[in-house]
$ cat model01.json   # JSON, C-alpha atoms
[["chain", "number", "residue", "atom", "x", "y", "z"],
["A", 1, "LEU", "CA", 74.25, -48.76, 52.17],
["A", 2, "ILE", "CA", 74.39, -51.21, 55.05],
["A", 3, "VAL", "CA", 77.86, -51.72, 56.52],
["A", 4, "LYS", "CA", 78.04, -54.94, 58.50],
["A", 5, "LEU", "CA", 81.29, -56.67, 57.70],
["A", 6, "SER", "CA", 81.39, -59.70, 59.98],
["A", 7, "SER", "CA", 81.05, -62.10, 61.78],
["A", 8, "LEU", "CA", 78.82, -64.80, 60.30],
["A", 9, "GLY", "CA", 76.27, -64.77, 63.13],
["A", 10, "ASP", "CA", 76.11, -60.98, 63.22],
["A", 11, "VAL", "CA", 75.62, -60.80, 59.45],
["A", 12, "ILE", "CA", 72.72, -63.24, 59.68],
["A", 13, "GLN", "CA", 71.22, -61.34, 62.63],
["A", 14, "ALA", "CA", 71.36, -58.11, 60.61],
["A", 15, "MET", "CA", 69.28, -59.51, 57.74],
["A", 16, "PRO", "CA", 65.85, -58.69, 59.30],
["A", 17, "VAL", "CA", 66.77, -55.04, 58.72],
["A", 18, "ILE", "CA", 66.39, -55.66, 54.99],
["A", 19, "ALA", "CA", 62.85, -56.98, 55.44],
["A", 20, "ASP", "CA", 61.98, -53.93, 57.57],
["A", 21, "LEU", "CA", 63.32, -51.51, 54.97],
["A", 22, "ARG", "CA", 61.57, -53.30, 52.11],
["A", 23, "ARG", "CA", 58.29, -53.34, 54.04],
["A", 24, "LEU", "CA", 58.54, -49.61, 54.75],
["A", 25, "PHE", "CA", 59.31, -48.63, 51.17],
["A", 26, "ASP", "CA", 56.64, -50.97, 49.78],
["A", 27, "GLN", "CA", 54.09, -49.31, 52.07],
["A", 28, "ARG", "CA", 55.23, -45.91, 50.84],
["A", 29, "ARG", "CA", 55.27, -47.20, 47.24],
["A", 30, "GLN", "CA", 58.78, -45.85, 46.82],
["A", 31, "PRO", "CA", 61.68, -47.54, 45.06],
["A", 32, "LEU", "CA", 64.55, -48.74, 47.23],
["A", 33, "VAL", "CA", 68.05, -49.93, 46.42],
["A", 34, "ILE", "CA", 69.97, -51.64, 49.22],
["A", 35, "ASP", "CA", 73.70, -52.25, 48.94],
["A", 36, "TRP", "CA", 75.60, -54.13, 51.66],
["A", 37, "ALA", "CA", 79.33, -53.92, 52.37],
["A", 38, "VAL", "CA", 80.43, -57.22, 53.92],
["A", 39, "GLU", "CA", 83.60, -59.20, 54.53],
["A", 40, "GLU", "CA", 84.40, -61.11, 51.33],
["A", 41, "ASP", "CA", 84.00, -64.48, 53.07],
["A", 42, "TYR", "CA", 80.28, -63.74, 53.55],
["A", 43, "GLN", "CA", 79.45, -62.12, 50.22],
["A", 44, "GLU", "CA", 77.78, -65.26, 48.84],
["A", 45, "LEU", "CA", 75.55, -65.54, 51.90],
["A", 46, "VAL", "CA", 74.46, -61.91, 51.72],
["A", 47, "SER", "CA", 73.87, -62.15, 47.96],
["A", 48, "LEU", "CA", 71.29, -64.91, 48.62],
["A", 49, "HIS", "CA", 68.96, -62.40, 50.30],
["A", 50, "PRO", "CA", 66.39, -61.33, 47.67],
["A", 51, "GLY", "CA", 66.08, -57.84, 49.18],
["A", 52, "ILE", "CA", 69.70, -56.87, 48.60],
["A", 53, "ASP", "CA", 70.56, -55.29, 45.27],
["A", 54, "CYS", "CA", 74.35, -55.19, 45.42],
["A", 55, "VAL", "CA", 76.93, -56.85, 47.65],
["A", 56, "ILE", "CA", 80.23, -55.05, 48.07],
["A", 57, "PRO", "CA", 82.95, -57.43, 49.27],
["A", 58, "VAL", "CA", 85.63, -56.10, 51.62],
["A", 59, "GLY", "CA", 88.88, -58.00, 52.21],
["A", 60, "LEU", "CA", 89.83, -56.57, 55.62],
["A", 61, "ARG", "CA", 90.51, -59.93, 57.28],
["A", 62, "ARG", "CA", 92.75, -61.03, 54.45],
["A", 63, "TRP", "CA", 94.52, -57.68, 54.40],
["A", 64, "ARG", "CA", 95.15, -57.82, 58.16],
["A", 65, "LYS", "CA", 96.62, -61.33, 57.88],
["A", 66, "LYS", "CA", 99.28, -59.92, 55.57],
["A", 67, "GLY", "CA", 100.39, -57.51, 58.30],
["A", 68, "LEU", "CA", 100.22, -53.74, 58.45],
["A", 69, "PHE", "CA", 103.44, -53.02, 56.57],
["A", 70, "SER", "CA", 102.70, -55.52, 53.83],
["A", 71, "ALA", "CA", 99.18, -54.21, 53.49],
["A", 72, "LEU", "CA", 100.52, -50.68, 53.06],
["A", 73, "ARG", "CA", 103.35, -51.58, 50.68],
["A", 74, "ASP", "CA", 101.88, -54.43, 48.64],
["A", 75, "PRO", "CA", 100.77, -52.95, 45.30],
["A", 76, "LEU", "CA", 98.02, -55.56, 44.86],
["A", 77, "LEU", "CA", 96.50, -54.81, 48.26],
["A", 78, "ARG", "CA", 96.81, -51.09, 47.63],
["A", 79, "ALA", "CA", 95.00, -51.56, 44.31],
["A", 80, "GLU", "CA", 92.25, -53.52, 46.08],
["A", 81, "ARG", "CA", 91.76, -50.74, 48.62],
["A", 82, "LEU", "CA", 91.59, -48.16, 45.83],
["A", 83, "THR", "CA", 89.08, -50.31, 43.95],
["A", 84, "LEU", "CA", 86.94, -50.56, 47.09],
["A", 85, "ARG", "CA", 87.13, -46.80, 47.64],
["A", 86, "HIS", "CA", 86.22, -46.18, 44.00],
["A", 87, "ARG", "CA", 83.30, -48.62, 44.10],
["A", 88, "LEU", "CA", 81.88, -47.10, 47.30],
["A", 89, "SER", "CA", 82.22, -43.57, 45.94],
["A", 90, "GLN", "CA", 80.31, -44.32, 42.71],
["A", 91, "THR", "CA", 76.88, -44.15, 44.35],
["A", 92, "ARG", "CA", 75.39, -41.29, 46.32],
["A", 93, "TYR", "CA", 73.61, -43.06, 49.18],
["A", 94, "GLU", "CA", 70.62, -41.61, 50.99],
["A", 95, "ALA", "CA", 72.04, -43.20, 54.13],
["A", 96, "VAL", "CA", 75.21, -45.08, 55.03],
["A", 97, "ILE", "CA", 74.33, -47.15, 58.10],
["A", 98, "ASP", "CA", 77.14, -48.73, 60.09],
["A", 99, "LEU", "CA", 75.49, -51.52, 62.04],
["A", 100, "GLN", "CA", 78.80, -52.80, 63.41],
["A", 101, "GLY", "CA", 80.06, -49.79, 65.34],
["A", 102, "LEU", "CA", 83.73, -50.68, 65.03],
["A", 103, "ILE", "CA", 86.63, -48.62, 63.72],
["A", 104, "LYS", "CA", 87.04, -50.99, 60.77],
["A", 105, "SER", "CA", 83.40, -50.66, 59.72],
["A", 106, "ALA", "CA", 83.50, -46.89, 60.25],
["A", 107, "TRP", "CA", 86.55, -46.77, 57.96],
["A", 108, "VAL", "CA", 84.59, -48.55, 55.24],
["A", 109, "ALA", "CA", 81.54, -46.33, 55.82],
["A", 110, "GLN", "CA", 83.72, -43.23, 55.39],
["A", 111, "MET", "CA", 84.60, -44.31, 51.87],
["A", 112, "ALA", "CA", 80.95, -44.14, 50.82],
["A", 113, "VAL", "CA", 79.26, -40.97, 49.66],
["A", 114, "GLY", "CA", 76.29, -39.98, 51.78],
["A", 115, "PRO", "CA", 75.39, -39.16, 55.37],
["A", 116, "ARG", "CA", 76.90, -41.67, 57.79],
["A", 117, "HIS", "CA", 74.76, -43.02, 60.62],
["A", 118, "GLY", "CA", 75.72, -45.09, 63.66],
["A", 119, "TRP", "CA", 75.55, -45.41, 67.40],
["A", 120, "ASN", "CA", 76.79, -42.69, 69.74],
["A", 121, "THR", "CA", 79.94, -43.17, 71.84],
["A", 122, "LYS", "CA", 78.09, -44.92, 74.67],
["A", 123, "ALA", "CA", 76.27, -47.40, 72.40],
["A", 124, "ALA", "CA", 78.97, -48.18, 69.80],
["A", 125, "ARG", "CA", 81.15, -51.22, 70.32],
["A", 126, "GLU", "CA", 84.21, -49.00, 69.85],
["A", 127, "ALA", "CA", 83.53, -45.43, 70.95],
["A", 128, "LEU", "CA", 86.01, -43.94, 68.47],
["A", 129, "ALA", "CA", 83.95, -45.27, 65.58],
["A", 130, "SER", "CA", 81.06, -43.00, 66.54],
["A", 131, "LEU", "CA", 83.21, -39.93, 65.97],
["A", 132, "THR", "CA", 83.18, -40.66, 62.23],
["A", 133, "TYR", "CA", 79.37, -40.61, 61.94],
["A", 134, "GLN", "CA", 77.53, -37.47, 60.97],
["A", 135, "HIS", "CA", 74.41, -38.73, 62.75],
["A", 136, "ARG", "CA", 74.63, -40.60, 66.08],
["A", 137, "TYR", "CA", 71.89, -42.47, 67.90],
["A", 138, "ALA", "CA", 71.49, -43.45, 71.53],
["A", 139, "ALA", "CA", 70.85, -47.00, 72.71],
["A", 140, "PRO", "CA", 71.62, -49.17, 75.71],
["A", 141, "ARG", "CA", 75.17, -50.51, 75.98],
["A", 142, "TYR", "CA", 76.15, -52.92, 73.23],
["A", 143, "ASP", "CA", 75.72, -56.07, 75.33],
["A", 144, "ALA", "CA", 72.45, -54.91, 76.96],
["A", 145, "MET", "CA", 70.29, -55.44, 73.86],
["A", 146, "ARG", "CA", 69.79, -58.43, 71.54],
["A", 147, "ALA", "CA", 71.65, -57.98, 68.26],
["A", 148, "VAL", "CA", 68.61, -58.34, 66.00],
["A", 149, "ALA", "CA", 66.66, -55.73, 67.98],
["A", 150, "ARG", "CA", 69.69, -53.45, 68.06],
["A", 151, "TYR", "CA", 70.21, -53.51, 64.29],
["A", 152, "ARG", "CA", 66.49, -53.05, 63.60],
["A", 153, "GLU", "CA", 66.33, -50.16, 66.06],
["A", 154, "LEU", "CA", 69.23, -48.29, 64.46],
["A", 155, "CYS", "CA", 67.78, -48.56, 60.96],
["A", 156, "ALA", "CA", 64.33, -47.57, 62.23],
["A", 157, "GLN", "CA", 65.79, -44.45, 63.84],
["A", 158, "VAL", "CA", 67.79, -43.58, 60.74],
["A", 159, "MET", "CA", 64.89, -44.02, 58.31],
["A", 160, "GLY", "CA", 62.18, -42.65, 60.61],
["A", 161, "TYR", "CA", 59.96, -45.67, 61.17],
["A", 162, "ALA", "CA", 60.73, -46.49, 64.82],
["A", 163, "CYS", "CA", 57.04, -46.17, 65.73],
["A", 164, "LEU", "CA", 56.20, -49.02, 63.31],
["A", 165, "LEU", "CA", 58.62, -51.59, 64.74],
["A", 166, "ALA", "CA", 56.22, -52.77, 67.44],
["A", 167, "ASP", "CA", 53.68, -53.75, 64.75],
["A", 168, "TRP", "CA", 56.19, -55.68, 62.65],
["A", 169, "PRO", "CA", 57.15, -59.21, 63.72]]

$ encode --input "model01.json" --output "structure tokens"
Amino acid sequence: LIVKLSSLGDVIQAMPVIADLRRLFDQRRQPLVIDWAVEEDYQELVSLHPGIDCVIPVGLRRWRKKGLFSALRDPLLRAERLTLRHRLSQTRYEAVIDLQGLIKSAWVAQMAVGPRHGWNTKAAREALASLTYQHRYAAPRYDAMRAVARYRELCAQVMGYACLLADWP
């Protein structure tokens, strides 16, 4: 499961990760299923990528616009959150990779079943998010590395193909 909720540019910059993962598993001749949790506004864009099997829309922006108290009390929003939790808990993932490194993305990642991976406290955009990961990885500060390289590097470390990145354009 890839967790990269927003924004539009970041979602697009995370897509090379899918090509890397597909290339790796094709080389190994192993099956691979990739699900992606993304903000509902971008679900159509993510679903266009042929390497993604399932897109899981998340309505965090819409929920936040309603306000904290409304989001907690509103039965429809509560039902949506429960549906999201149920959907994420239906699959046992080999890896849940939070590319975003924010508290909101860590919250979504925690709903999924499987080992959670993300940046350590020094590399995550919000240090508290890293406390929710079972596996943490070091990297330069968030703004010291191009986003595409950063996302590719995290997935390569998680899946054990970091040595191959230099050979892949």

$ atom_distance --input "model01.json" --atom1 "atom CA of A:Arg62" --atom2 "atom CA of A:Arg87"
18.7 Å

$ closest_atom_pairs --input "model01.json" --of "stretch 68-112 of chain A" --to "stretch 10-30 of chain A" --cutoff "12 Å" --atoms "only C-alpha atoms" --output "tab-separated table"
residue	atom	partner	partner_atom	distance
A:Ile97	CA	A:Val17	CA	10.9
A:Asp98	CA	A:Ala14	CA	11.0
A:Leu99	CA	A:Ala14	CA	7.9
A:Gln100	CA	A:Asp10	CA	8.6

$ write_last_selection --input "model01.json" --atoms "C-alpha atoms" --output "PDB file, keeping the file's coordinate frame"
ATOM      1  CA  ILE A  97      74.330 -47.150  58.100  1.00  0.00           C
ATOM      2  CA  ASP A  98      77.140 -48.730  60.090  1.00  0.00           C
ATOM      3  CA  LEU A  99      75.490 -51.520  62.040  1.00  0.00           C
ATOM      4  CA  GLN A 100      78.800 -52.800  63.410  1.00  0.00           C
TER       5      GLN A 100
END

$ atom_distance --input "model01.json" --atom1 "atom CA of A:Ala95" --atom2 "atom CA of A:Arg64"
27.6 Å

$ residues_near_point --input "model01.json" --point "(79.4, -54.0, 45.3)" --cutoff "12 Å" --atoms "all atoms listed in the file" --output "MDAnalysis selection string"
chainID A and resid 1:3 34:40 43:44 46:47 52:58 83:91 112

$ write_last_selection --input "model01.json" --atoms "C-alpha atoms" --output "CSV table (one decimal), in the coordinates of the input"
chain,number,residue,atom,x,y,z
A,1,LEU,CA,74.2,-48.8,52.2
A,2,ILE,CA,74.4,-51.2,55.0
A,3,VAL,CA,77.9,-51.7,56.5
A,34,ILE,CA,70.0,-51.6,49.2
A,35,ASP,CA,73.7,-52.2,48.9
A,36,TRP,CA,75.6,-54.1,51.7
A,37,ALA,CA,79.3,-53.9,52.4
A,38,VAL,CA,80.4,-57.2,53.9
A,39,GLU,CA,83.6,-59.2,54.5
A,40,GLU,CA,84.4,-61.1,51.3
A,43,GLN,CA,79.4,-62.1,50.2
A,44,GLU,CA,77.8,-65.3,48.8
A,46,VAL,CA,74.5,-61.9,51.7
A,47,SER,CA,73.9,-62.2,48.0
A,52,ILE,CA,69.7,-56.9,48.6
A,53,ASP,CA,70.6,-55.3,45.3
A,54,CYS,CA,74.4,-55.2,45.4
A,55,VAL,CA,76.9,-56.8,47.6
A,56,ILE,CA,80.2,-55.0,48.1
A,57,PRO,CA,83.0,-57.4,49.3
A,58,VAL,CA,85.6,-56.1,51.6
A,83,THR,CA,89.1,-50.3,44.0
A,84,LEU,CA,86.9,-50.6,47.1
A,85,ARG,CA,87.1,-46.8,47.6
A,86,HIS,CA,86.2,-46.2,44.0
A,87,ARG,CA,83.3,-48.6,44.1
A,88,LEU,CA,81.9,-47.1,47.3
A,89,SER,CA,82.2,-43.6,45.9
A,90,GLN,CA,80.3,-44.3,42.7
A,91,THR,CA,76.9,-44.2,44.4
A,112,ALA,CA,81.0,-44.1,50.8

$ residues_around --input "model01.json" --residues "A:Arg141" --least-positions-apart "3" --cutoff "8 Å" --atoms "all atoms listed in the file" --output "compact mmCIF listing (two decimals) with C-alpha atoms, in the coordinates of the input"
# COMPACT_ATOMS: atom_id res chain seq x y z
CA LYS A 122 78.09 -44.92 74.67
CA ALA A 123 76.27 -47.40 72.40
CA ALA A 124 78.97 -48.18 69.80
CA ALA A 144 72.45 -54.91 76.96
CA MET A 145 70.29 -55.44 73.86

$ atom_distance --input "model01.json" --atom1 "atom CA of A:Ala127" --atom2 "atom CA of A:Leu164"
28.6 Å

$ residues_around --input "model01.json" --residues "A:Pro115" --least-positions-apart "3" --cutoff "12 Å" --atoms "only C-alpha atoms" --output "PyMOL selection string"
chain A and resi 1+92-98+109-112+118+132-136+158-159

$ axis_aligned_box --input "model01.json" --around "stretch 93-104 of chain A" --padding-each-side "8 Å" --output "AutoDock Vina command-line options"
--center_x 78.8 --center_y -47.2 --center_z 57.3 --size_x 32.4 --size_y 27.2 --size_z 32.2

$ closest_residue --input "model01.json" --among "A:Pro140, A:Gly114, A:Pro50, A:Gly59" --to "A:Glu153" --atoms "all atoms listed in the file"
A:Pro140

$ closest_residue --input "model01.json" --among "A:Trp119, A:Tyr151, A:Tyr161, A:Tyr137" --to "A:Ala106" --atoms "all atoms listed in the file"
A:Trp119

$ closest_residue --input "model01.json" --among "A:Leu82, A:Arg116, A:Ala129, A:Gly51" --to "A:Val33" --atoms "all atoms listed in the file"
A:Gly51

$ closest_residue --input "model01.json" --among "A:His49, A:Arg146, A:His117, A:Lys66" --to "A:Gly101" --atoms "only C-alpha atoms"
A:His117
